[in-house]
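Visitor: The structure's right below; bear with me while I get my questions together.
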Amino acid sequence: MIERIDVAVFGAGRIGTIHAGNLARHAGARLRYVADVNAAAAHTLAERHGARTSSVEEALVDPAVGAVMICSSTDTHADLILRAAAAGKAIFCEKPVDLEVERARACAAAVRKAGVTCMIGFQRRFDPTFAALKQRLDAGEIGVPEMLVITSRDPAPPPHSYIAQSGGVFKDMLIHDFDIFRWILGGEAVSVHATGGCPGLPDIAAAGDLSHTAVTLRTNTGALCQINTSRRAAYGYDQRFEVLGSHGLLQAGNVRPTQVIAWSEQAISSDKPEAFFLERYRDAYALEIQHFLDALSSGTPVRTTIEDGIKALELAELATQSWREGRALSVEA
């Protein structure tokens, strides 16, 4: 058992700031280094938590560092995983592992060879509402799950510059939904059929991507999943799903800033959903970092492994191919 672990955070942007704050609140961990190509951002974050700025190289050669958190841009993830594994450091990495499946598989092989822990940041599994639904589903409350319907909509599309380097909507946005599909239904996909378009958002179409998608998956147990996504929902960040089972239905709804509902002669109203992912998954981000650090301390496995990251990426790759070819695809065993 490890009494305290020193951690280096790579990436001082939005998600790095969130993870560093949650790490700093954990009694069994200490933020030792922050590394970022933006030196000012790294300095600000390090100073906030009593840490030091460093290069990636300096952090990886320091024997006091037991783990790294990779919160930098997607194109750096695979390289940092490989370097951290070679240095014998435990790894927490934001999704995706990489945009290329073969590169992600190479990372998994390196992690296995090094024998280090590697957790991928699928925070939705740690959302209290989603986790409660999963627990009740596993307890048999609605019998055998037969259909999962996932709704996942962003409040507004990202900038054109982001779209162009994101890897496409299936790898950038739906990768979380593919992970939810595997987690909730507890099986693997045998077929994927994806379609999409850009109604009212020609800039996204010009970038070769989609703003709206509809994906249907079938599992090896015969259960079905439908995923509908949009990069624009005027009413807020829409994150919900429902599971239809042989004996009933379980629903996990949106989170709102408050649960106050106003009743009047004119209407019944409530708050819109939370503004975006940092607010919606505030608790989930804290709980996933707590889980990662607790797992390192106790020597127990993490819940979201690099293999989970690869499985979700494989589905995203197949969905992209299905959309481009306009047909359903079988998933190779």
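Every chain in the structure tokens takes a letter, A first, then B, and so on in the order presented; its residues are numbered from 1, and the ligands are numbered from 1 following the presented order.
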Extract the full set of strand (DSSP E) residues from region 60-235 of chain A according to DSSP on the backbone, and format it as number ranges by chain.

Guide: A: 65-70, 90-94, 118-121, 145-153, 189-197, 212-219, 224-230

Visitor: Run DSSP on the backbone and grab whatever in region 152-310 of chain A lands in helix (DSSP H, G or I); send it over as a PyMOL selection string.

Guide: chain A and resi 160-165+169-172+175-185+202-206+277-280+282-298+306-310

Visitor: Given the selection you just returned, output its residues as a file containing N, CA and C atoms, formatted as a compact mmCIF listing (two decimals), in the first residue's frame.

Guide:
```
# COMPACT_ATOMS: atom_id res chain seq x y z
N HIS A 160 -14.23 26.15 -35.94
CA HIS A 160 -13.85 25.43 -37.14
C HIS A 160 -12.44 24.86 -37.01
N SER A 161 -11.54 25.61 -36.38
CA SER A 161 -10.15 25.15 -36.23
C SER A 161 -10.07 23.87 -35.41
N TYR A 162 -10.97 23.74 -34.42
CA TYR A 162 -11.00 22.53 -33.59
C TYR A 162 -11.54 21.35 -34.40
N ILE A 163 -12.64 21.59 -35.13
CA ILE A 163 -13.25 20.54 -35.93
C ILE A 163 -12.22 19.92 -36.88
N ALA A 164 -11.41 20.77 -37.48
CA ALA A 164 -10.47 20.32 -38.50
C ALA A 164 -9.42 19.35 -37.96
N GLN A 165 -9.08 19.46 -36.67
CA GLN A 165 -8.04 18.59 -36.11
C GLN A 165 -8.57 17.62 -35.06
N VAL A 169 -16.34 13.60 -35.53
CA VAL A 169 -17.29 13.57 -34.43
C VAL A 169 -17.36 12.21 -33.74
N PHE A 170 -17.17 11.13 -34.48
CA PHE A 170 -17.29 9.81 -33.87
C PHE A 170 -16.14 9.55 -32.89
N LYS A 171 -14.94 10.02 -33.21
CA LYS A 171 -13.80 9.82 -32.31
C LYS A 171 -13.70 10.89 -31.24
N ASP A 172 -14.14 12.09 -31.58
CA ASP A 172 -14.02 13.21 -30.65
C ASP A 172 -15.16 13.26 -29.64
N ILE A 175 -17.10 8.97 -28.74
CA ILE A 175 -16.29 7.95 -28.07
C ILE A 175 -16.78 7.72 -26.65
N HIS A 176 -17.28 8.77 -25.99
CA HIS A 176 -17.86 8.61 -24.65
C HIS A 176 -19.13 7.75 -24.72
N ASP A 177 -19.93 7.97 -25.75
CA ASP A 177 -21.18 7.22 -25.88
C ASP A 177 -20.93 5.76 -26.21
N PHE A 178 -19.89 5.49 -27.00
CA PHE A 178 -19.52 4.10 -27.27
C PHE A 178 -19.07 3.40 -25.98
N ASP A 179 -18.39 4.13 -25.11
CA ASP A 179 -18.00 3.54 -23.83
C ASP A 179 -19.22 3.28 -22.95
N ILE A 180 -20.15 4.22 -22.91
CA ILE A 180 -21.39 4.02 -22.16
C ILE A 180 -22.14 2.79 -22.68
N PHE A 181 -22.20 2.64 -23.99
CA PHE A 181 -22.85 1.47 -24.61
C PHE A 181 -22.25 0.17 -24.07
N ARG A 182 -20.93 0.06 -24.08
CA ARG A 182 -20.28 -1.17 -23.61
C ARG A 182 -20.49 -1.38 -22.12
N TRP A 183 -20.41 -0.30 -21.36
CA TRP A 183 -20.53 -0.38 -19.90
C TRP A 183 -21.94 -0.76 -19.47
N ILE A 184 -22.91 -0.10 -20.02
CA ILE A 184 -24.29 -0.32 -19.59
C ILE A 184 -24.81 -1.69 -20.04
N LEU A 185 -24.61 -2.05 -21.29
CA LEU A 185 -25.16 -3.30 -21.79
C LEU A 185 -24.27 -4.50 -21.48
N PRO A 202 -23.24 24.55 -42.18
CA PRO A 202 -22.41 24.24 -43.35
C PRO A 202 -20.91 24.31 -43.08
N ASP A 203 -20.47 25.09 -42.09
CA ASP A 203 -19.04 25.17 -41.79
C ASP A 203 -18.48 23.83 -41.36
N ILE A 204 -19.30 23.07 -40.62
CA ILE A 204 -18.84 21.75 -40.18
C ILE A 204 -18.78 20.80 -41.36
N ALA A 205 -19.75 20.88 -42.26
CA ALA A 205 -19.72 20.06 -43.47
C ALA A 205 -18.49 20.40 -44.31
N ALA A 206 -18.15 21.70 -44.38
CA ALA A 206 -16.99 22.13 -45.16
C ALA A 206 -15.69 21.57 -44.59
N PHE A 277 -19.82 20.47 -20.33
CA PHE A 277 -19.34 19.25 -19.70
C PHE A 277 -18.61 19.48 -18.38
N LEU A 278 -17.90 20.58 -18.24
CA LEU A 278 -17.17 20.81 -16.98
C LEU A 278 -18.14 20.96 -15.81
N GLU A 279 -19.28 21.60 -16.06
CA GLU A 279 -20.28 21.75 -15.00
C GLU A 279 -21.08 20.45 -14.82
N ARG A 280 -21.50 19.85 -15.93
CA ARG A 280 -22.33 18.65 -15.87
C ARG A 280 -21.63 17.50 -15.16
N ARG A 282 -18.96 17.68 -13.08
CA ARG A 282 -18.11 18.16 -11.99
C ARG A 282 -17.85 17.05 -10.97
N ASP A 283 -18.90 16.41 -10.50
CA ASP A 283 -18.76 15.34 -9.51
C ASP A 283 -18.06 14.13 -10.10
N ALA A 284 -18.37 13.81 -11.35
CA ALA A 284 -17.76 12.64 -11.99
C ALA A 284 -16.25 12.80 -12.11
N TYR A 285 -15.80 14.00 -12.48
CA TYR A 285 -14.35 14.23 -12.59
C TYR A 285 -13.66 14.04 -11.24
N ALA A 286 -14.28 14.52 -10.18
CA ALA A 286 -13.69 14.36 -8.85
C ALA A 286 -13.64 12.88 -8.46
N LEU A 287 -14.71 12.17 -8.74
CA LEU A 287 -14.79 10.76 -8.34
C LEU A 287 -13.84 9.89 -9.15
N GLU A 288 -13.62 10.20 -10.44
CA GLU A 288 -12.71 9.36 -11.22
C GLU A 288 -11.26 9.55 -10.76
N ILE A 289 -10.87 10.78 -10.41
CA ILE A 289 -9.51 10.99 -9.92
C ILE A 289 -9.34 10.35 -8.54
N GLN A 290 -10.36 10.44 -7.71
CA GLN A 290 -10.31 9.75 -6.42
C GLN A 290 -10.13 8.24 -6.62
N HIS A 291 -10.87 7.68 -7.58
CA HIS A 291 -10.76 6.25 -7.87
C HIS A 291 -9.36 5.87 -8.34
N PHE A 292 -8.80 6.67 -9.25
CA PHE A 292 -7.46 6.41 -9.77
C PHE A 292 -6.43 6.40 -8.65
N LEU A 293 -6.46 7.42 -7.81
CA LEU A 293 -5.48 7.51 -6.73
C LEU A 293 -5.70 6.44 -5.67
N ASP A 294 -6.96 6.14 -5.36
CA ASP A 294 -7.25 5.08 -4.39
C ASP A 294 -6.79 3.72 -4.92
N ALA A 295 -6.97 3.50 -6.22
CA ALA A 295 -6.54 2.23 -6.81
C ALA A 295 -5.02 2.08 -6.73
N LEU A 296 -4.29 3.17 -6.98
CA LEU A 296 -2.84 3.11 -6.85
C LEU A 296 -2.42 2.85 -5.42
N SER A 297 -3.10 3.49 -4.48
CA SER A 297 -2.77 3.33 -3.07
C SER A 297 -3.01 1.91 -2.58
N SER A 298 -4.11 1.31 -3.04
CA SER A 298 -4.49 -0.02 -2.55
C SER A 298 -3.99 -1.16 -3.43
N ILE A 306 -7.00 0.92 -20.44
CA ILE A 306 -6.60 1.28 -21.79
C ILE A 306 -7.29 0.39 -22.81
N GLU A 307 -7.62 -0.84 -22.41
CA GLU A 307 -8.39 -1.73 -23.30
C GLU A 307 -9.78 -1.16 -23.56
N ASP A 308 -10.40 -0.56 -22.54
CA ASP A 308 -11.69 0.12 -22.76
C ASP A 308 -11.53 1.27 -23.75
N GLY A 309 -10.43 1.98 -23.64
CA GLY A 309 -10.17 3.07 -24.58
C GLY A 309 -10.05 2.58 -26.01
N ILE A 310 -9.40 1.44 -26.18
CA ILE A 310 -9.22 0.88 -27.53
C ILE A 310 -10.56 0.39 -28.08
```

Visitor: Using only C-alpha atoms, find the one residue out of A:Leu249, A:Ala114, A:Ala223, A:Val331 that sits nearest to Gly186 (chain A).

Guide: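 Looking only at the distances to Gly186 (chain A), the closest residue turns out to be A:Ala223.
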
Visitor: With distances taken over only C-alpha atoms, which of A:Leu244, A:Leu80, A:Val7, A:Ala27 is nearest to Asp62 (chain A)?

Guide: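 Looking only at the distances to Asp62 (chain A), the closest residue turns out to be A:Val7.
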
Visitor: Give me, as a compact mmCIF listing (two decimals) with C-alpha atoms, in the first residue's frame, all polymer residues having an atom no more than 6 Å from Gly11 (chain A), counting only C-alpha atoms and skipping those fewer than 6 positions away in the same chain.

Guide:
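Printed below is out_17.txt as written:
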```
# COMPACT_ATOMS: atom_id res chain seq x y z
CA ASP A 36 2.70 22.50 -20.57
CA CYS A 71 -4.41 16.18 -19.96
CA SER A 72 -2.73 17.66 -23.02
```

Visitor: Select from region 252-274 of chain A every residue with an atom at most 12 Å from any atom of region 146-157 of chain A, then for each give the shortest pair of atoms and their distance in Å to one decimal, using only C-alpha atoms, rows by chain and rising number, as a Markdown table.

Guide:
```
| residue | atom | partner | partner_atom | distance |
| --- | --- | --- | --- | --- |
| A:Ala252 | CA | A:Ile150 | CA | 9.7 |
| A:Gly253 | CA | A:Thr151 | CA | 9.8 |
| A:Asn254 | CA | A:Thr151 | CA | 10.1 |
| A:Lys272 | CA | A:Pro155 | CA | 11.0 |
| A:Pro273 | CA | A:Pro155 | CA | 9.7 |
| A:Glu274 | CA | A:Pro155 | CA | 9.6 |
```

Visitor: Can you measure CA of Glu325 (chain A) to CA of Ala106 (chain A) for me? One decimal in Å is fine.

Guide: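 Going from CA of Glu325 (chain A) over to CA of Ala106 (chain A), I get 27.3 Å.
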
Visitor: Pick out the closest residue to Thr305 (chain A) from this set: A:Pro96, A:Gly168, A:Gly50, A:Gly88. Count only C-alpha atoms.

Guide: A:Pro96

Visitor: So the first atom is CA of Ile268 (chain A) and the second is CA of Phe241 (chain A); what is the distance between them in Å, to one decimal place?

Guide: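 Computed distance, CA of Ile268 (chain A) to CA of Phe241 (chain A), equals 23.3 Å.
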
Visitor: From the list A:Thr17, A:Ala85, A:Ile91, A:Gly299, which residue is nearest Glu3 (chain A) when using only C-alpha atoms?

Guide: A:Gly299

Visitor: For a quick check of understanding, using only C-alpha atoms, which of A:Gln251, A:Val61, A:Arg218, A:Ala312 has the smallest distance to Val97 (chain A)?

Guide: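 Closest to Val97 (chain A) of all the choices is A:Ala312.
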
Visitor: Near Met69 (chain A), within 10 Å and counting only C-alpha atoms, which residues show up once chain neighbours fewer than 4 positions away are dropped, as a list in words?

Guide: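 Residues meeting the cut-off are Val7, Ala8, Val9, Phe10, Gly11, Gly16, His19, Ala20, Leu23, Val34, Leu80, Ile81, Ala84, Lys89, Ala90, Ile91, Phe92, Cys93, Glu94, Cys118, Met119, Ile120, Gly121 and Ile289 of chain A.
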
Visitor: Can those selected residues be exported to a file as an mmCIF file, in the first residue's frame so that it contains C-alpha atoms?

Guide:
```
data_model
loop_
_atom_site.group_PDB
_atom_site.id
_atom_site.type_symbol
_atom_site.label_atom_id
_atom_site.label_comp_id
_atom_site.auth_asym_id
_atom_site.auth_seq_id
_atom_site.Cartn_x
_atom_site.Cartn_y
_atom_site.Cartn_z
ATOM 1 C CA VAL A 7 1.947 13.151 -9.459
ATOM 2 C CA ALA A 8 2.937 15.133 -12.537
ATOM 3 C CA VAL A 9 0.202 16.723 -14.650
ATOM 4 C CA PHE A 10 0.888 17.164 -18.362
ATOM 5 C CA GLY A 11 -1.417 19.861 -19.709
ATOM 6 C CA GLY A 16 -5.796 19.720 -16.595
ATOM 7 C CA HIS A 19 -7.900 17.240 -12.564
ATOM 8 C CA ALA A 20 -5.097 19.073 -10.754
ATOM 9 C CA LEU A 23 -5.800 15.670 -7.135
ATOM 10 C CA VAL A 34 2.960 20.734 -14.054
ATOM 11 C CA LEU A 80 3.209 10.499 -23.521
ATOM 12 C CA ILE A 81 1.683 7.109 -22.669
ATOM 13 C CA ALA A 84 5.454 7.250 -19.128
ATOM 14 C CA LYS A 89 4.943 5.561 -14.065
ATOM 15 C CA ALA A 90 1.258 4.866 -13.443
ATOM 16 C CA ILE A 91 -0.837 6.689 -16.037
ATOM 17 C CA PHE A 92 -4.145 8.514 -16.140
ATOM 18 C CA CYS A 93 -4.912 9.708 -19.665
ATOM 19 C CA GLU A 94 -7.825 11.653 -21.047
ATOM 20 C CA CYS A 118 -3.167 2.941 -17.125
ATOM 21 C CA MET A 119 -6.615 4.466 -16.662
ATOM 22 C CA ILE A 120 -8.504 6.256 -19.451
ATOM 23 C CA GLY A 121 -10.702 9.223 -18.558
ATOM 24 C CA ILE A 289 -9.507 10.992 -9.918
#
```

Visitor: Using only C-alpha atoms, determine which residues lie at most 9 Å from Ser330 (chain A), disregarding the query and same-chain residues fewer than 2 positions distant; provide the list as a list in words.

Guide: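 Residues meeting the cut-off are Ala189, Val190, Ser191, Val192, His193, Leu318, Ala328 and Glu332 of chain A.
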
Visitor: What's the separation between CA of Arg4 (chain A) and CA of Thr304 (chain A), in Å to one decimal place?

Guide: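 Value for the CA of Arg4 (chain A)-CA of Thr304 (chain A) distance: 22.0 Å.
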
Visitor: Which residues are close to Ser211 (chain A), i.e. within 7 Å by only C-alpha atoms, leaving aside same-chain residues fewer than 4 positions away? Reply as number ranges by chain.

Guide: A: 197-198, 204, 230-231

Visitor: Convert the current residue selection to file output with C-alpha atoms, as an mmCIF file, in the first residue's frame.

Guide:
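To be explicit, this is the file written out as part_19.cif:
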```
data_model
loop_
_atom_site.group_PDB
_atom_site.id
_atom_site.type_symbol
_atom_site.label_atom_id
_atom_site.label_comp_id
_atom_site.auth_asym_id
_atom_site.auth_seq_id
_atom_site.Cartn_x
_atom_site.Cartn_y
_atom_site.Cartn_z
ATOM 1 C CA GLY A 197 -25.489 15.290 -41.573
ATOM 2 C CA CYS A 198 -24.966 18.984 -40.948
ATOM 3 C CA ILE A 204 -18.841 21.747 -40.176
ATOM 4 C CA SER A 230 -25.800 16.889 -32.017
ATOM 5 C CA ARG A 231 -23.148 19.554 -31.752
#
```
